[in-house]
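Okay, coords-v8.txt now, which holds compact mmCIF, C-alpha atoms:
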```
# COMPACT_ATOMS: atom_id res chain seq x y z
CA MET F 1 -6.81 -51.61 -8.10
CA GLN F 2 -8.52 -53.15 -11.10
CA THR F 3 -9.76 -56.36 -9.49
CA LEU F 4 -13.43 -56.68 -8.58
CA PHE F 5 -14.23 -58.95 -5.67
CA ARG F 6 -17.20 -61.31 -5.62
CA LEU F 7 -18.51 -60.94 -2.09
CA GLN F 8 -18.65 -64.22 -0.22
CA GLY F 9 -19.81 -65.24 3.20
CA GLY F 10 -21.76 -63.28 5.80
CA LYS F 11 -25.30 -62.02 5.44
CA PHE F 12 -24.82 -60.75 1.88
CA THR F 13 -24.84 -64.15 0.15
CA ALA F 14 -27.63 -65.49 2.34
CA TYR F 15 -30.21 -62.87 1.48
CA GLN F 16 -29.11 -61.21 -1.78
CA PRO F 17 -28.47 -62.25 -5.37
CA ILE F 18 -24.79 -62.46 -6.26
CA HIS F 19 -23.31 -59.16 -7.44
CA LEU F 20 -19.80 -57.93 -7.93
CA TYR F 21 -18.57 -56.06 -4.90
CA ARG F 22 -15.39 -54.47 -3.67
CA LYS F 23 -14.34 -54.55 -0.05
CA PHE F 24 -12.07 -51.98 1.55
CA THR F 25 -10.58 -51.83 5.01
CA ALA F 26 -7.94 -49.59 6.54
CA GLU F 27 -6.40 -48.48 9.80
CA LYS F 28 -9.44 -46.22 10.15
CA ILE F 29 -12.65 -45.64 8.21
CA PHE F 30 -14.38 -42.29 8.55
CA SER F 31 -18.02 -42.64 7.54
CA GLY F 32 -18.61 -38.92 6.93
CA ARG F 33 -20.11 -38.58 10.39
CA ALA F 34 -17.77 -40.51 12.68
CA MET F 35 -14.79 -42.84 12.87
CA MET F 36 -15.99 -46.41 12.60
CA PRO F 37 -14.94 -49.16 15.04
CA GLU F 38 -11.61 -50.84 14.40
CA GLY F 39 -11.94 -53.75 11.98
CA SER F 40 -14.78 -52.22 9.97
CA VAL F 41 -15.04 -53.08 6.27
CA LEU F 42 -16.50 -50.79 3.60
CA ILE F 43 -18.41 -52.71 0.95
CA VAL F 44 -19.33 -51.07 -2.34
CA ARG F 45 -20.89 -52.30 -5.55
CA ALA F 46 -18.99 -52.42 -8.82
CA ASP F 47 -20.22 -48.93 -9.76
CA GLY F 48 -19.07 -47.38 -6.46
CA THR F 49 -22.46 -47.37 -4.73
CA VAL F 50 -22.15 -48.06 -1.00
CA GLU F 51 -23.65 -51.33 0.18
CA ALA F 52 -22.68 -51.26 3.86
CA ILE F 53 -20.01 -50.84 6.50
CA VAL F 54 -19.79 -54.08 8.48
CA ASP F 55 -17.56 -55.79 10.99
CA ARG F 56 -14.70 -57.86 9.54
CA ASP F 57 -16.41 -61.09 10.70
CA GLU F 58 -19.48 -60.28 8.59
CA ALA F 59 -17.58 -59.24 5.47
CA GLY F 60 -16.26 -62.64 4.49
CA GLU F 61 -13.02 -63.26 2.62
CA GLY F 62 -11.26 -61.03 0.12
CA GLY F 63 -10.96 -57.30 0.05
CA GLN F 64 -8.07 -54.88 0.13
CA TYR F 65 -6.34 -53.30 3.10
CA PHE F 66 -4.89 -49.78 3.11
CA GLU F 67 -2.64 -48.01 5.55
CA GLY F 68 -4.26 -44.72 6.52
CA ILE F 69 -7.82 -43.43 6.67
CA LEU F 70 -10.62 -44.03 4.18
CA SER F 71 -13.22 -41.27 3.89
CA PRO F 72 -15.96 -40.25 1.47
CA GLY F 73 -14.99 -37.93 -1.39
CA LEU F 74 -14.42 -34.31 -0.44
CA VAL F 75 -16.78 -31.38 -1.07
CA ASN F 76 -15.41 -27.98 -2.08
CA CYS F 77 -18.15 -25.51 -1.17
CA HIS F 78 -16.52 -22.42 -2.65
CA CYS F 79 -14.52 -22.16 -5.85
CA HIS F 80 -14.12 -19.84 -8.85
CA LEU F 81 -13.13 -22.31 -11.55
CA GLU F 82 -13.36 -19.65 -14.26
CA LEU F 83 -10.46 -17.73 -12.67
CA SER F 84 -8.02 -20.65 -12.89
CA HIS F 85 -5.92 -18.87 -15.51
CA MET F 86 -4.97 -16.26 -12.90
CA LYS F 87 -2.80 -18.59 -10.83
CA GLY F 88 0.23 -16.74 -9.48
CA ILE F 89 -0.65 -13.44 -11.17
CA ILE F 90 -1.80 -11.46 -8.12
CA PRO F 91 0.88 -10.93 -5.43
CA GLU F 92 0.24 -12.43 -2.00
CA GLY F 93 -0.79 -10.04 0.76
CA ALA F 94 -2.16 -7.44 -1.64
CA GLY F 95 -5.20 -6.73 0.52
CA MET F 96 -8.82 -6.85 -0.55
CA VAL F 97 -9.13 -3.77 -2.73
CA ASP F 98 -5.97 -4.35 -4.77
CA PHE F 99 -6.90 -8.00 -5.13
CA LEU F 100 -10.36 -7.12 -6.48
CA LEU F 101 -8.95 -4.52 -8.85
CA SER F 102 -6.45 -7.06 -10.19
CA VAL F 103 -9.20 -9.60 -10.83
CA VAL F 104 -11.30 -7.05 -12.71
CA GLN F 105 -8.36 -5.81 -14.76
CA GLN F 106 -6.73 -9.16 -15.58
CA ARG F 107 -9.52 -11.73 -15.85
CA ASN F 108 -10.13 -11.20 -19.59
CA ILE F 109 -7.48 -12.91 -21.73
CA SER F 110 -7.49 -15.46 -24.53
CA GLU F 111 -10.52 -17.74 -24.26
CA GLN F 112 -8.38 -20.74 -25.18
CA ILE F 113 -6.06 -20.10 -22.24
CA ILE F 114 -9.07 -19.75 -19.94
CA LEU F 115 -10.60 -23.03 -21.13
CA GLU F 116 -7.31 -24.93 -20.86
CA SER F 117 -6.77 -23.60 -17.33
CA ILE F 118 -10.29 -24.66 -16.33
CA GLU F 119 -9.69 -28.20 -17.58
CA LYS F 120 -6.37 -28.41 -15.76
CA ALA F 121 -7.85 -27.06 -12.52
CA GLU F 122 -10.69 -29.57 -12.60
CA ALA F 123 -8.19 -32.39 -13.07
CA GLU F 124 -6.34 -31.09 -10.01
CA MET F 125 -9.50 -31.20 -7.92
CA LEU F 126 -10.23 -34.76 -9.07
CA ALA F 127 -6.71 -35.86 -8.16
CA ASN F 128 -7.14 -34.26 -4.74
CA GLY F 129 -10.22 -36.33 -3.93
CA ILE F 130 -12.83 -33.62 -4.55
CA VAL F 131 -16.11 -35.02 -5.89
CA ALA F 132 -18.45 -32.02 -5.64
CA VAL F 133 -17.99 -28.27 -5.98
CA GLY F 134 -19.97 -25.12 -5.23
CA ASP F 135 -18.67 -22.95 -8.06
CA ILE F 136 -19.09 -19.20 -8.51
CA CYS F 137 -19.91 -18.25 -12.11
CA ASN F 138 -19.79 -14.83 -13.74
CA THR F 139 -19.34 -16.21 -17.26
CA ASP F 140 -20.17 -19.32 -19.28
CA PHE F 141 -16.51 -20.34 -19.70
CA THR F 142 -16.88 -23.41 -17.43
CA ILE F 143 -19.90 -24.87 -19.25
CA ARG F 144 -17.84 -26.90 -21.72
CA GLN F 145 -15.89 -28.64 -18.96
CA LYS F 146 -18.89 -29.11 -16.70
CA SER F 147 -20.81 -30.77 -19.53
CA LYS F 148 -18.38 -33.70 -19.24
CA LYS F 149 -19.81 -34.49 -15.77
CA ASN F 150 -16.44 -35.39 -14.26
CA LEU F 151 -17.49 -33.69 -11.03
CA TYR F 152 -20.78 -32.59 -9.52
CA TYR F 153 -21.17 -28.80 -9.65
CA TYR F 154 -23.65 -26.52 -7.98
CA ASN F 155 -23.33 -23.34 -10.05
CA PHE F 156 -23.73 -20.11 -8.10
CA ILE F 157 -24.50 -17.50 -10.76
CA GLU F 158 -23.02 -14.41 -9.17
CA VAL F 159 -24.61 -11.02 -9.68
CA SER F 160 -23.40 -7.62 -8.51
CA GLY F 161 -24.50 -4.05 -9.03
CA TYR F 162 -24.21 -1.40 -6.35
CA ALA F 163 -26.31 1.31 -8.01
CA PRO F 164 -30.06 0.64 -7.68
CA SER F 165 -30.55 1.77 -11.29
CA VAL F 166 -28.70 -1.28 -12.69
CA ALA F 167 -30.53 -3.92 -10.62
CA GLY F 168 -32.91 -4.91 -13.41
CA SER F 169 -30.33 -5.26 -16.18
CA ARG F 170 -27.80 -7.07 -13.97
CA PHE F 171 -30.39 -9.56 -12.78
CA GLU F 172 -31.61 -10.30 -16.30
CA LYS F 173 -28.05 -10.93 -17.43
CA ALA F 174 -27.59 -13.36 -14.54
CA ARG F 175 -30.89 -15.03 -15.43
CA GLY F 176 -29.61 -15.66 -18.97
CA LEU F 177 -26.45 -17.27 -17.58
CA TYR F 178 -28.54 -19.32 -15.14
CA ASP F 179 -30.56 -20.72 -18.06
CA LYS F 180 -27.38 -21.79 -19.84
CA PHE F 181 -26.17 -23.86 -16.90
CA VAL F 182 -29.58 -25.40 -16.28
CA SER F 183 -29.73 -26.38 -19.97
CA ILE F 184 -26.78 -28.78 -19.48
CA GLY F 185 -28.56 -30.45 -16.57
CA SER F 186 -26.50 -28.69 -13.91
CA ASP F 187 -27.90 -27.28 -10.65
CA ALA F 188 -27.76 -23.50 -10.25
CA SER F 189 -28.89 -20.49 -8.21
CA ILE F 190 -28.58 -16.74 -8.73
CA VAL F 191 -26.63 -15.32 -5.79
CA PRO F 192 -25.20 -11.99 -4.58
CA HIS F 193 -21.47 -11.28 -4.66
CA ALA F 194 -21.05 -9.29 -1.42
CA THR F 195 -22.76 -6.60 0.63
CA TYR F 196 -20.51 -3.86 -0.79
CA SER F 197 -21.52 -4.72 -4.38
CA LEU F 198 -25.24 -5.24 -3.79
CA SER F 199 -28.16 -2.81 -3.82
CA GLY F 200 -31.37 -3.42 -1.91
CA ASP F 201 -33.24 -3.64 -5.22
CA LEU F 202 -30.91 -6.35 -6.49
CA LEU F 203 -31.20 -8.32 -3.26
CA LYS F 204 -34.98 -8.16 -3.56
CA LYS F 205 -34.86 -9.68 -7.04
CA ILE F 206 -32.58 -12.48 -5.81
CA ASN F 207 -34.91 -13.20 -2.89
CA GLN F 208 -37.92 -13.39 -5.21
CA PHE F 209 -36.28 -15.83 -7.65
CA GLN F 210 -38.14 -19.00 -6.71
CA GLN F 211 -35.81 -21.37 -8.57
CA ASN F 212 -33.05 -20.71 -6.02
CA ASN F 213 -32.53 -23.67 -3.70
CA VAL F 214 -29.21 -22.70 -2.10
CA LEU F 215 -27.68 -19.23 -1.71
CA THR F 216 -24.16 -18.07 -0.95
CA ILE F 217 -22.39 -14.74 -0.44
CA HIS F 218 -18.85 -13.54 0.28
CA ASN F 219 -19.16 -12.41 3.89
CA GLN F 220 -16.79 -10.22 5.93
CA GLU F 221 -13.74 -11.29 3.95
CA SER F 222 -12.11 -8.00 4.92
CA ASP F 223 -12.61 -5.49 7.72
CA ILE F 224 -13.23 -2.79 5.09
CA GLU F 225 -16.71 -4.27 4.48
CA ASP F 226 -17.89 -3.48 7.99
CA GLU F 227 -16.16 -0.10 7.93
CA TRP F 228 -18.01 0.90 4.77
CA ILE F 229 -21.45 -0.33 5.87
CA ARG F 230 -21.14 1.21 9.34
CA GLU F 231 -19.49 4.52 8.52
CA LYS F 232 -19.26 4.86 4.73
CA LYS F 233 -15.53 5.28 4.79
CA GLY F 234 -12.33 3.28 4.39
CA ASP F 235 -10.46 1.66 1.54
CA LEU F 236 -13.61 0.65 -0.35
CA THR F 237 -13.91 4.29 -1.40
CA ARG F 238 -10.78 3.70 -3.48
CA LEU F 239 -12.38 0.67 -5.15
CA TYR F 240 -15.53 2.59 -6.07
CA HIS F 241 -13.46 5.49 -7.40
CA GLN F 242 -11.22 3.24 -9.52
CA LEU F 243 -14.26 1.47 -11.01
CA SER F 244 -16.28 4.71 -11.43
CA ILE F 245 -19.10 3.42 -9.21
CA ALA F 246 -21.38 6.12 -7.80
CA THR F 247 -22.16 5.78 -4.08
CA ASP F 248 -24.19 8.93 -3.43
CA PHE F 249 -27.33 6.90 -2.74
CA PHE F 250 -25.77 4.97 0.16
CA GLN F 251 -26.02 6.15 3.76
CA PRO F 252 -23.96 4.70 6.63
CA GLN F 253 -25.95 2.11 8.52
CA GLY F 254 -24.19 1.85 11.88
CA ILE F 255 -24.39 -1.97 11.81
CA SER F 256 -22.13 -4.75 10.60
CA SER F 257 -22.21 -5.80 6.96
CA LEU F 258 -23.71 -9.20 7.91
CA HIS F 259 -26.58 -7.55 9.80
CA TYR F 260 -27.09 -5.22 6.85
CA PHE F 261 -27.35 -8.14 4.43
CA LEU F 262 -29.61 -10.32 6.56
CA ASN F 263 -32.07 -7.69 7.84
CA PRO F 264 -34.17 -7.32 4.64
CA ILE F 265 -34.25 -11.02 3.71
CA SER F 266 -37.80 -12.27 3.41
CA GLU F 267 -37.36 -15.65 1.68
CA PHE F 268 -35.19 -17.96 3.79
CA ARG F 269 -33.28 -20.70 1.96
CA PRO F 270 -30.12 -22.57 2.93
CA LEU F 271 -27.30 -20.02 2.90
CA ILE F 272 -23.53 -20.49 2.76
CA LEU F 273 -21.60 -17.54 4.22
CA VAL F 274 -18.11 -17.63 2.74
CA HIS F 275 -14.86 -16.49 4.43
CA ASN F 276 -16.26 -14.93 7.66
CA LEU F 277 -12.78 -13.67 8.42
CA PHE F 278 -13.94 -10.66 10.44
CA SER F 279 -17.24 -12.01 11.80
CA THR F 280 -17.83 -11.31 15.48
CA ASP F 281 -19.57 -13.34 18.14
CA ALA F 282 -22.52 -10.94 17.92
CA ASP F 283 -22.71 -11.42 14.13
CA VAL F 284 -22.72 -15.19 14.40
CA GLN F 285 -25.27 -15.35 17.20
CA TYR F 286 -27.61 -13.00 15.33
CA ALA F 287 -27.35 -14.97 12.08
CA ASN F 288 -27.79 -18.34 13.78
CA GLN F 289 -30.84 -17.18 15.72
CA LEU F 290 -32.44 -15.64 12.63
CA PHE F 291 -32.09 -18.80 10.55
CA SER F 292 -33.21 -20.99 13.44
CA GLN F 293 -36.37 -18.91 13.80
CA HIS F 294 -37.14 -19.48 10.11
CA ASN F 295 -36.26 -23.20 10.21
CA SER F 296 -33.59 -22.73 7.58
CA GLN F 297 -29.99 -23.96 7.43
CA LEU F 298 -26.98 -21.65 7.70
CA TYR F 299 -23.44 -22.77 6.83
CA TYR F 300 -20.11 -21.06 7.38
CA CYS F 301 -17.55 -21.79 4.68
CA LEU F 302 -13.90 -21.38 5.62
CA CYS F 303 -11.23 -20.82 2.94
CA PRO F 304 -8.10 -20.41 5.09
CA ASN F 305 -5.45 -20.54 2.37
CA ALA F 306 -7.20 -17.82 0.36
CA ASN F 307 -7.53 -15.71 3.51
CA MET F 308 -3.80 -16.04 4.10
CA TYR F 309 -3.06 -15.27 0.44
CA ILE F 310 -5.04 -12.01 0.39
CA ASN F 311 -5.17 -10.77 3.99
CA LYS F 312 -2.49 -12.79 5.85
CA LYS F 313 -5.10 -13.75 8.44
CA LEU F 314 -7.03 -16.88 9.42
CA PRO F 315 -10.65 -17.02 10.60
CA ASP F 316 -11.42 -17.50 14.30
CA VAL F 317 -12.47 -21.13 13.96
CA ASP F 318 -13.14 -21.53 17.69
CA LEU F 319 -15.75 -18.77 17.43
CA PHE F 320 -17.80 -20.89 15.01
CA ILE F 321 -17.29 -24.11 16.94
CA ASN F 322 -18.33 -22.48 20.22
CA ASN F 323 -21.51 -21.20 18.56
CA GLN F 324 -22.27 -24.71 17.20
CA CYS F 325 -22.13 -23.49 13.60
CA LYS F 326 -22.33 -25.80 10.61
CA ILE F 327 -18.85 -25.42 9.10
CA VAL F 328 -17.86 -26.35 5.55
CA LEU F 329 -14.66 -25.83 3.55
CA GLY F 330 -13.70 -24.19 0.27
CA THR F 331 -10.61 -23.45 -1.76
CA ASP F 332 -11.63 -20.17 -3.40
CA SER F 333 -9.89 -19.69 -6.76
CA LEU F 334 -6.38 -20.09 -8.11
CA SER F 335 -6.22 -16.31 -8.24
CA SER F 336 -6.07 -16.42 -4.43
CA ASN F 337 -4.69 -19.89 -3.75
CA LYS F 338 -1.71 -21.99 -4.81
CA GLN F 339 -3.79 -25.14 -5.27
CA LEU F 340 -7.36 -26.45 -5.29
CA SER F 341 -7.20 -28.93 -2.43
CA ILE F 342 -9.52 -29.34 0.54
CA HIS F 343 -6.78 -31.49 2.02
CA GLU F 344 -4.42 -28.47 2.03
CA GLU F 345 -7.12 -26.32 3.65
CA ILE F 346 -7.39 -28.87 6.45
CA LYS F 347 -3.61 -28.95 6.93
CA THR F 348 -3.53 -25.16 7.31
CA LEU F 349 -6.30 -25.29 9.92
CA GLN F 350 -4.65 -28.19 11.73
CA ASN F 351 -1.43 -26.22 12.10
CA ALA F 352 -3.28 -23.22 13.52
CA TYR F 353 -5.80 -25.14 15.63
CA PRO F 354 -4.10 -28.37 16.78
CA HIS F 355 -6.74 -28.93 19.49
CA ILE F 356 -9.47 -29.57 16.90
CA ARG F 357 -9.95 -33.28 16.25
CA LEU F 358 -9.27 -34.65 12.77
CA GLU F 359 -12.72 -36.22 12.82
CA GLN F 360 -14.25 -32.75 12.99
CA PHE F 361 -12.25 -31.46 10.01
CA LEU F 362 -13.26 -34.51 7.97
CA GLN F 363 -16.93 -33.96 8.79
CA TRP F 364 -16.69 -30.38 7.50
CA ALA F 365 -15.09 -31.67 4.29
CA THR F 366 -17.64 -34.43 3.63
CA ILE F 367 -21.17 -34.64 5.01
CA ASN F 368 -21.41 -30.97 6.03
CA GLY F 369 -20.38 -29.85 2.56
CA ALA F 370 -22.81 -32.25 0.91
CA GLU F 371 -25.66 -31.03 3.09
CA ALA F 372 -24.80 -27.39 2.34
CA LEU F 373 -25.04 -28.00 -1.42
CA GLY F 374 -28.20 -30.09 -1.01
CA ILE F 375 -26.59 -33.30 -2.34
CA SER F 376 -26.33 -35.44 0.79
CA ASP F 377 -28.58 -38.06 -0.79
CA THR F 378 -25.61 -39.03 -2.98
CA PHE F 379 -22.44 -37.53 -1.49
CA GLY F 380 -20.83 -36.94 1.88
CA SER F 381 -21.06 -40.25 3.74
CA PHE F 382 -20.72 -44.01 3.44
CA GLU F 383 -24.39 -44.91 3.68
CA LYS F 384 -26.29 -47.54 1.72
CA GLY F 385 -27.30 -46.37 -1.73
CA LYS F 386 -24.95 -43.38 -1.87
CA LYS F 387 -22.10 -42.96 -4.33
CA PRO F 388 -19.77 -40.55 -2.52
CA GLY F 389 -16.37 -41.61 -3.86
CA ILE F 390 -13.55 -42.93 -1.68
CA VAL F 391 -10.47 -41.02 -0.55
CA LEU F 392 -7.41 -42.50 1.15
CA TRP F 393 -5.58 -40.26 3.64
CA ASP F 394 -2.15 -41.31 4.83
CA GLU F 395 -1.61 -41.85 8.54
CA ASP F 396 -0.31 -38.33 9.18
CA VAL F 397 -2.94 -36.72 6.94
CA LEU F 398 -0.14 -35.25 4.81
CA ASN F 399 -1.33 -36.74 1.52
CA VAL F 400 -4.56 -37.91 -0.09
CA LYS F 401 -5.34 -40.27 -2.95
CA CYS F 402 -8.63 -40.76 -4.76
CA LEU F 403 -9.38 -44.48 -5.08
CA GLN F 404 -10.79 -45.58 -8.41
CA VAL F 405 -13.85 -47.79 -7.92
```
Represent the supplied structure as structure tokens.
Amino acid sequence: MQTLFRLQGGKFTAYQPIHLYRKFTAEKIFSGRAMMPEGSVLIVRADGTVEAIVDRDEAGEGGQYFEGILSPGLVNCHCHLELSHMKGIIPEGAGMVDFLLSVVQQRNISEQIILESIEKAEAEMLANGIVAVGDICNTDFTIRQKSKKNLYYYNFIEVSGYAPSVAGSRFEKARGLYDKFVSIGSDASIVPHATYSLSGDLLKKINQFQQNNVLTIHNQESDIEDEWIREKKGDLTRLYHQLSIATDFFQPQGISSLHYFLNPISEFRPLILVHNLFSTDADVQYANQLFSQHNSQLYYCLCPNANMYINKKLPDVDLFINNQCKIVLGTDSLSSNKQLSIHEEIKTLQNAYPHIRLEQFLQWATINGAEALGISDTFGSFEKGKKPGIVLWDEDVLNVKCLQV
């Protein structure tokens, strides 16, 4: 697909100077928000910027037809690119505590291997039609690759520290990492890891950091989170013991981990809750109402393949649909997934929830993801002036291909 088409005919030559355009049509075109009428033509400029979607009669001659579905590029709202070297190391079905212990114990190896794995993983995402990523960062290992600007990244600088006494030092360390990513012209926020690794003092510092535009947190990825917050017991005691983390200060709260996290929040910004594997209807209704009251956006990120890899369980997707939640998709890391592919996440959900329309899955993977990361002015939909990338899905949605424009 190297040929550029000079657009002819229709309203474009009558009212505009002549530019180089490319015209694409297919069995179906998904705009990012809806399936377009049959016979629609996507028109983009030579640099990939969307000009319009028009009826075939308005598009004039030329163009290229594809069998399958054309959609905007895909948005991966949750990834850990820096853990790409851990692919296949942690056994499937290990459970949350053993998975976390393995990550802590095995994440530090040769820097060269880490950097090579990051480059390879990014190439995989590109090949799978991903154009934007919400990436969790605990180190600066991904900076070299991100400086190449092959993909858009929103860098979530993750901070943890359960003991109140370490809140200041942990936050300052995260602030230094934040400055590094901002220095390469990349968007970033300082965000919490999870309720079970977060003190109230640390959460307060995150809330007060005014440079944060979008927040995210691992939420209810395992039932042991709620068990610990409610009753201060369960398998998390083994994690704290293994890592020599003191927990004397913590008292059981008698509420879910999501309630515990949201209750003290004072500064409301867009928030992406990731995993939500054990969220209840009461949790979701409470969170939705709270964010609605504060006129802020709340997104629920599903990472089904990672959930199956660690816990052998899928999220209750119907729960989020029935509560009219804004759903987005993520891959998590190669430490908990066999590939970095939003397409594969959709296939897993399709198999488990065949009643959900493909159009809905595609919306989660495109415009919803772009809105969650605050980049819908460029990505997520085929609208004039945007440059969202173009992905071709085959008719059965079994394969994807990123079209080069």
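Distance check against F:Arg175 using all atoms listed in the file: of F:Ala132, F:Ala188, F:Leu362, F:Leu302, the minimum falls on F:Ala188.
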- Length of the atom CA of F:Ser336 to atom CA of F:Ala167 vector [Å]: 28.2 Å
- Message: Need the shell around stretch 39-56 of chain F: protein/DNA/RNA residues with any atom at most 9 Å away, counting all atoms listed in the file. Skip same-chain ones fewer than 2 positions apart. Format as JSON, numbers by chain?
- Response: {"F": [4, 5, 7, 19, 20, 21, 22, 23, 24, 25, 26, 27, 28, 29, 31, 36, 37, 58, 59, 60, 61, 63, 70, 382, 383, 384, 385, 386, 387, 388, 389, 390, 404, 405]}
Write out, as a PDB file, in the frame of the given file, the residues just selected, with C-alpha atoms.
```
ATOM      1  CA  LEU F   4     -13.430 -56.680  -8.580  1.00  0.00           C
ATOM      2  CA  PHE F   5     -14.230 -58.950  -5.670  1.00  0.00           C
ATOM      3  CA  LEU F   7     -18.510 -60.940  -2.090  1.00  0.00           C
ATOM      4  CA  HIS F  19     -23.310 -59.160  -7.440  1.00  0.00           C
ATOM      5  CA  LEU F  20     -19.800 -57.930  -7.930  1.00  0.00           C
ATOM      6  CA  TYR F  21     -18.570 -56.060  -4.900  1.00  0.00           C
ATOM      7  CA  ARG F  22     -15.390 -54.470  -3.670  1.00  0.00           C
ATOM      8  CA  LYS F  23     -14.340 -54.550  -0.050  1.00  0.00           C
ATOM      9  CA  PHE F  24     -12.070 -51.980   1.550  1.00  0.00           C
ATOM     10  CA  THR F  25     -10.580 -51.830   5.010  1.00  0.00           C
ATOM     11  CA  ALA F  26      -7.940 -49.590   6.540  1.00  0.00           C
ATOM     12  CA  GLU F  27      -6.400 -48.480   9.800  1.00  0.00           C
ATOM     13  CA  LYS F  28      -9.440 -46.220  10.150  1.00  0.00           C
ATOM     14  CA  ILE F  29     -12.650 -45.640   8.210  1.00  0.00           C
ATOM     15  CA  SER F  31     -18.020 -42.640   7.540  1.00  0.00           C
ATOM     16  CA  MET F  36     -15.990 -46.410  12.600  1.00  0.00           C
ATOM     17  CA  PRO F  37     -14.940 -49.160  15.040  1.00  0.00           C
ATOM     18  CA  GLU F  58     -19.480 -60.280   8.590  1.00  0.00           C
ATOM     19  CA  ALA F  59     -17.580 -59.240   5.470  1.00  0.00           C
ATOM     20  CA  GLY F  60     -16.260 -62.640   4.490  1.00  0.00           C
ATOM     21  CA  GLU F  61     -13.020 -63.260   2.620  1.00  0.00           C
ATOM     22  CA  GLY F  63     -10.960 -57.300   0.050  1.00  0.00           C
ATOM     23  CA  LEU F  70     -10.620 -44.030   4.180  1.00  0.00           C
ATOM     24  CA  PHE F 382     -20.720 -44.010   3.440  1.00  0.00           C
ATOM     25  CA  GLU F 383     -24.390 -44.910   3.680  1.00  0.00           C
ATOM     26  CA  LYS F 384     -26.290 -47.540   1.720  1.00  0.00           C
ATOM     27  CA  GLY F 385     -27.300 -46.370  -1.730  1.00  0.00           C
ATOM     28  CA  LYS F 386     -24.950 -43.380  -1.870  1.00  0.00           C
ATOM     29  CA  LYS F 387     -22.100 -42.960  -4.330  1.00  0.00           C
ATOM     30  CA  PRO F 388     -19.770 -40.550  -2.520  1.00  0.00           C
ATOM     31  CA  GLY F 389     -16.370 -41.610  -3.860  1.00  0.00           C
ATOM     32  CA  ILE F 390     -13.550 -42.930  -1.680  1.00  0.00           C
ATOM     33  CA  GLN F 404     -10.790 -45.580  -8.410  1.00  0.00           C
ATOM     34  CA  VAL F 405     -13.850 -47.790  -7.920  1.00  0.00           C
TER      35      VAL F 405
END
```
- Task: Tell me, in Å to one decimal, how far atom CA of F:Pro264 is from atom CA of F:Val133.
- Result: 28.5 Å
Could you give me, as a tab-separated table, every stretch 58-120 of chain F residue with an atom at most 9 Å from stretch 337-356 of chain F, plus its closest atom pair and distance in Å to one decimal, counting only C-alpha atoms, rows ordered by chain then number?
```
residue	atom	partner	partner_atom	distance
F:Leu74	CA	F:Ile342	CA	7.0
F:Val75	CA	F:Ile342	CA	7.7
F:Asn76	CA	F:Ile342	CA	6.6
F:Cys79	CA	F:Leu340	CA	8.4
F:Lys87	CA	F:Lys338	CA	7.0
F:Gly88	CA	F:Lys338	CA	7.3
```
- Task: May I ask which of the residues F:Leu258, F:Arg269, F:Met35, F:Glu231 is the closest one to F:Gln211, counting only C-alpha atoms?
- Result: F:Arg269
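What separates atom CA of F:Asn219 from atom CA of F:Arg238 is a distance of 19.6 Å.
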